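S.K.: Can you read through this structure? Questions will come right after.
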Amino acid sequence: MVDLTHGGLGGDGHAAGHAGELELYHPTNWVTKYVFSQDAKVIAIQYGLTALAIGLVALVLSWLMRIQLAYPGALAFIDADRYYQFITMHGMIMVYLLTAVFLGGFGNYLIPLMLGARDMMFPYLNMLSYWIYLVAVLVLAAGFFVPGGPTGAGWTLYPPQAILANTPGQQWGIIIMLVSLMLFIVGFTMGGLNYVVTVLQGRTKGMTLMRMPLTVWGIFTATVMALLAFPALFVGAVMMLFDRLLGTSFFMPSIIAMGEPLDTAGGSPILFQHLFWFFGHPEVYIVALPAFGIVSDLISTHARKNIFGYRMMVWAIVVIGALSFVVWAHHMYVSGMNPGFGFFFATTTLIIAVPTALKVYNWVLTLWRGDIHFTVPMLFALGFIVTFVNGGLTGLFLGNVVVDVPLSDTMFVVAHFHMVMGVAPILVIFGAIYHWYPKMTGRMLNDAMGKIHFWVTFLGAYAVFFPMHYLGLLGVPRRYFESGDISFVPPSAQTLNEFMTIAALVVGAAQILFLFNLAWSLRHGKPSGGNPWGATTLEWQTPETPPPHGNWGAERPVVYRWAYDYSVPGAASDFLAQNDPGPGPAAAAPIGEGGR
Ligand code: HEM
Ligand SMILES: [Cu+2]
């Protein structure tokens, strides 16, 4: 065992003076190095690959649904029950996947490296977090193989429908789904506590909170939110499991089904909706905030300019995070709640637009007169901004009660949430992979393939989801296996459906190119060196690339400046790394944002 001393300890000084030995867990063989690893970087990649594998399942499900929507009756791969089941699994997998990639994947990889730490604070717990997540994913997938198949209740799992006979997957599927969610939350909590404690306690000397890259701020805030939001879903799942298995009636009112009274009474289905959306709305931002942070860093690096208004950006992240706990019932305008209540939630929802718009302005101002390099990560970051603004604008429609009521449960909603929480974050994930792949592997991803991947994905996603707004405005309902002839929907809508389906297949095919690029570049990519983008943040300053266990060799880096010293007048190079004590205005400023 090699001892790595805890060189250059301390965050804001709270750990200073405790310098001493830091015992890292050291792998002794292949299994403890790559399988049951306690190294956050390996765990990050495990999270990423698991999410990728299950994500492909969700992608194939979306194809099957789209083919059904475009050619109802003609290419009958699936029946109505399957359609419900696939919608549910597709939605649930995608939401799991995004959370796992941003927090389990990028969180694990970037938090310790960006903060100059050797690893997460509790590496063993971190390992356990991944394995429980894996079990959760396997349990979820097991839904396909149990009698009756996975639940068809929709990803919102609303009772009473979710547990009544005749809902597909009522036998086993719903139980499997609830158990899987509970496992997911348990696993996440282990990882989440790690991320929070590492951010608060693991920063290296000089890395004050207000010098942290925005990526870390985004992931940190999202993690705190998830720790507060997931318990609501957890108790909802436990209560529903009791309703299903033990005959309790937490969510089950008195019901007469087919003329027969069921033996349920007294429960409130609306209570479940509150619990679900108390988790479900913050979930959108649990995905969006890390994406915001990553995009800020990509834009700044690839435009060679400091981020505009760093402090404002940090506060915007925190304010958005806090506000997203008081807007949940905007998903429930049609649930029969008191209209006064709706007014309250519409107001809070619209207030969120303020810090969000502020972030968009600051990204644009960062780009303004920047030395913009149209690298693949930059393209994806720009694609994100456009898509997110687009999805955000339709969010303003849906946030208003009177506009939402007619649009509720139409394809307009499906278009809206795919833009904001489907396409937009996935563009960021791609951008981030192109950006950090060189650090993870020592090689660049192929640029030409990357550009094709970007344009097909970006334009293709628009081709799928933009016309969907129009279908929604026509009144085409969501979650319908087939609509048949509806008087208010013109036949041209069907042509549009075919177009969207073909676009969806093309977008999917472009991802095969991406997978190929990932594998091909591992061996044949251009060697990247340690810092190919000329970036300032600490992960690019590791002595070795890819960084070994413990990250920093003998001494942890010491931080002298914020993360955005690009194109500093008078500096020798066009960037000053955070651990560069050298000349330049920022060195004079003791903390944070100073010295631009
Ligand atoms: C190629 C990309 C994708 C395609 C073609 C696609 C397609 C679809 C389709 C056809 C539906 C069912 C619409 C309906 O009949 O109501 C759906 C629902 C859904 N999708 Fe996607 N999707 C894609 C990517 C994503 C991503 C990245 C996410 C991540 C958040 C996502 C999340 C959802 C959710 C939450 C639902 C709702 C499920 C429900 O109503 O219970 N999708 N998608
Ligand atoms: Cu919401």
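By convention in this document, the chains of the structure tokens carry letters A, B, ... by their order, each chain's residues are numbered from 1, and ligands are numbered from 1 in the order they are shown.
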Output as a PyMOL selection string all residues of region 221-421 of chain A that backbone DSSP marks as helix (DSSP H, G or I).
M.R.: chain A and resi 221-245+269-302+310-323+328-331+339-367+376-399+401-407+411-421
S.K.: So that each row is one residue of region 75-179 of chain A with an atom at most 8 Å from region 419-430 of chain A, can you give its shortest atom pair and the distance in Å to one decimal, using only C-alpha atoms, rows by chain and rising number, as a tab-separated table?
M.R.:
```
residue	atom	partner	partner_atom	distance
A:Met94	CA	A:Gly422	CA	8.0
A:Leu98	CA	A:Pro425	CA	7.7
A:Val101	CA	A:Ile429	CA	7.9
A:Phe102	CA	A:Ile429	CA	7.8
```
S.K.: Write the residues of the preceding selection, restricted to N, CA and C atoms, as a PDB file, in the first residue's frame.
M.R.:
```pdb
ATOM      1  N   MET A  94     -35.646   7.147 -18.771  1.00  0.00           N
ATOM      2  CA  MET A  94     -34.991   8.382 -19.169  1.00  0.00           C
ATOM      3  C   MET A  94     -34.729   9.284 -17.963  1.00  0.00           C
ATOM      4  N   LEU A  98     -30.930  10.282 -16.670  1.00  0.00           N
ATOM      5  CA  LEU A  98     -30.379  11.628 -16.630  1.00  0.00           C
ATOM      6  C   LEU A  98     -29.856  11.950 -15.235  1.00  0.00           C
ATOM      7  N   VAL A 101     -26.613  10.068 -14.737  1.00  0.00           N
ATOM      8  CA  VAL A 101     -25.471  10.555 -15.507  1.00  0.00           C
ATOM      9  C   VAL A 101     -24.939  11.854 -14.917  1.00  0.00           C
ATOM     10  N   PHE A 102     -25.842  12.767 -14.579  1.00  0.00           N
ATOM     11  CA  PHE A 102     -25.363  14.063 -14.082  1.00  0.00           C
ATOM     12  C   PHE A 102     -24.762  13.949 -12.689  1.00  0.00           C
TER      13      PHE A 102
END
```
S.K.: Please return as number ranges by chain the residues found within 6 Å of ligand 1, counting only C-alpha atoms and all ligand atoms.
M.R.: A: 59, 62-63, 65-66, 87-88, 91, 94-95, 154-156, 418, 421-423, 478-480, 504, 508
S.K.: Listing only residues of chain A within 10 Å of ligand 2, what is the closest atom pair and its distance in Å (to one decimal) for each, using only C-alpha atoms and all ligand atoms, sorted by chain and residue number ascending, as a Markdown table?
M.R.:
```
| residue | atom | partner | partner_atom_place_in_ligand_line | distance |
| --- | --- | --- | --- | --- |
| A:Trp277 | CA | ligand 2 | 1 (Cu) | 7.4 |
| A:Phe278 | CA | ligand 2 | 1 (Cu) | 9.0 |
| A:Phe279 | CA | ligand 2 | 1 (Cu) | 9.5 |
| A:Gly280 | CA | ligand 2 | 1 (Cu) | 6.9 |
| A:His281 | CA | ligand 2 | 1 (Cu) | 4.0 |
| A:Pro282 | CA | ligand 2 | 1 (Cu) | 7.2 |
| A:Glu283 | CA | ligand 2 | 1 (Cu) | 8.5 |
| A:Val284 | CA | ligand 2 | 1 (Cu) | 7.0 |
| A:Tyr285 | CA | ligand 2 | 1 (Cu) | 8.9 |
| A:Ser324 | CA | ligand 2 | 1 (Cu) | 7.7 |
| A:Phe325 | CA | ligand 2 | 1 (Cu) | 9.5 |
| A:Val326 | CA | ligand 2 | 1 (Cu) | 9.7 |
| A:Val327 | CA | ligand 2 | 1 (Cu) | 6.6 |
| A:Trp328 | CA | ligand 2 | 1 (Cu) | 5.5 |
| A:Ala329 | CA | ligand 2 | 1 (Cu) | 7.6 |
| A:His330 | CA | ligand 2 | 1 (Cu) | 6.1 |
| A:His331 | CA | ligand 2 | 1 (Cu) | 6.0 |
| A:Met332 | CA | ligand 2 | 1 (Cu) | 9.5 |
| A:Thr349 | CA | ligand 2 | 1 (Cu) | 8.1 |
| A:Gly395 | CA | ligand 2 | 1 (Cu) | 8.7 |
| A:Leu398 | CA | ligand 2 | 1 (Cu) | 9.4 |
| A:Gly399 | CA | ligand 2 | 1 (Cu) | 8.4 |
| A:Phe417 | CA | ligand 2 | 1 (Cu) | 9.3 |
```
S.K.: What's around Gly266 (chain A) at 9 Å? Count only C-alpha atoms, leave out sequence neighbours fewer than 2 positions away in its own chain, and write the answer as a PDB file with N, CA and C atoms, in the first residue's frame.
M.R.:
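The result, written out as selection.pdb:
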```pdb
ATOM      1  N   SER A 249     -55.609   1.902   2.317  1.00  0.00           N
ATOM      2  CA  SER A 249     -56.280   2.827   1.397  1.00  0.00           C
ATOM      3  C   SER A 249     -55.728   4.240   1.506  1.00  0.00           C
ATOM      4  N   PHE A 250     -54.406   4.355   1.508  1.00  0.00           N
ATOM      5  CA  PHE A 250     -53.838   5.708   1.588  1.00  0.00           C
ATOM      6  C   PHE A 250     -54.298   6.555   0.397  1.00  0.00           C
ATOM      7  N   PHE A 251     -54.240   5.950  -0.767  1.00  0.00           N
ATOM      8  CA  PHE A 251     -54.532   6.712  -1.975  1.00  0.00           C
ATOM      9  C   PHE A 251     -55.818   6.248  -2.653  1.00  0.00           C
ATOM     10  N   MET A 252     -56.466   5.264  -2.089  1.00  0.00           N
ATOM     11  CA  MET A 252     -57.618   4.660  -2.755  1.00  0.00           C
ATOM     12  C   MET A 252     -58.919   5.132  -2.129  1.00  0.00           C
ATOM     13  N   PRO A 253     -59.696   5.905  -2.867  1.00  0.00           N
ATOM     14  CA  PRO A 253     -61.001   6.316  -2.347  1.00  0.00           C
ATOM     15  C   PRO A 253     -61.990   5.156  -2.487  1.00  0.00           C
ATOM     16  N   SER A 254     -63.222   5.385  -2.124  1.00  0.00           N
ATOM     17  CA  SER A 254     -64.247   4.370  -2.402  1.00  0.00           C
ATOM     18  C   SER A 254     -64.437   4.303  -3.904  1.00  0.00           C
ATOM     19  N   THR A 264     -61.992  -0.629  -0.970  1.00  0.00           N
ATOM     20  CA  THR A 264     -61.105   0.477  -0.650  1.00  0.00           C
ATOM     21  C   THR A 264     -61.998   1.607  -0.207  1.00  0.00           C
ATOM     22  N   SER A 268     -56.859   9.241  -0.600  1.00  0.00           N
ATOM     23  CA  SER A 268     -56.858  10.419  -1.475  1.00  0.00           C
ATOM     24  C   SER A 268     -55.861  10.267  -2.623  1.00  0.00           C
TER      25      SER A 268
END
```
S.K.: Using only C-alpha atoms, determine which residues lie at most 8 Å from Asn126 (chain A), disregarding the query and same-chain residues fewer than 3 positions distant; provide the list as number ranges by chain.
M.R.: A: 38, 40, 43, 120, 122-123, 129-130, 190-191, 194
S.K.: Residues at most 7 Å from Gly525 (chain A), counting only C-alpha atoms, excluding those fewer than 6 positions away in the same chain, as a ChimeraX atom specification?
M.R.: /A:443-446
S.K.: Which of these residues is nearest to Leu474 (chain A), using only C-alpha atoms: A:Leu407, A:Ala70, A:Leu505, A:Leu275?
M.R.: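 Selected residue with least distance to Leu474 (chain A): A:Leu407.
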S.K.: What are the DSSP strand (DSSP E) residues of region 116-343 of chain A, as a list in words?
M.R.: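 So, restricting region 116-343 of chain A to strand (DSSP E), we get Ile256, Ala257, Glu260 and Pro261 of chain A.
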S.K.: Residues of the last selection are to be written out with N, CA and C atoms, as a PDB file, in the first residue's frame.
M.R.:
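Done, and the output landed in result_34.pdb:
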```pdb
ATOM      1  N   ILE A 256     -66.321   2.251  -7.238  1.00  0.00           N
ATOM      2  CA  ILE A 256     -67.219   1.239  -7.773  1.00  0.00           C
ATOM      3  C   ILE A 256     -66.712   0.876  -9.154  1.00  0.00           C
ATOM      4  N   ALA A 257     -66.254  -0.362  -9.321  1.00  0.00           N
ATOM      5  CA  ALA A 257     -65.720  -0.778 -10.610  1.00  0.00           C
ATOM      6  C   ALA A 257     -66.643  -1.816 -11.207  1.00  0.00           C
ATOM      7  N   GLU A 260     -69.400  -3.035  -9.151  1.00  0.00           N
ATOM      8  CA  GLU A 260     -69.088  -3.673  -7.866  1.00  0.00           C
ATOM      9  C   GLU A 260     -68.288  -2.708  -6.995  1.00  0.00           C
ATOM     10  N   PRO A 261     -68.689  -2.481  -5.749  1.00  0.00           N
ATOM     11  CA  PRO A 261     -67.819  -1.664  -4.891  1.00  0.00           C
ATOM     12  C   PRO A 261     -66.548  -2.438  -4.523  1.00  0.00           C
TER      13      PRO A 261
END
```
S.K.: For region 333-344 of chain A, please output as a list of chain:residue names all residues within 8 Å (counting only C-alpha atoms; exclusion window: fewer than 2 positions along the same chain).
M.R.: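 Selected residues are A:Ile270, A:Ala329, A:His330, A:His331, A:Ala346, A:Thr347, A:Thr348, A:Val401, A:Asp404, A:Val405, A:Ser408.
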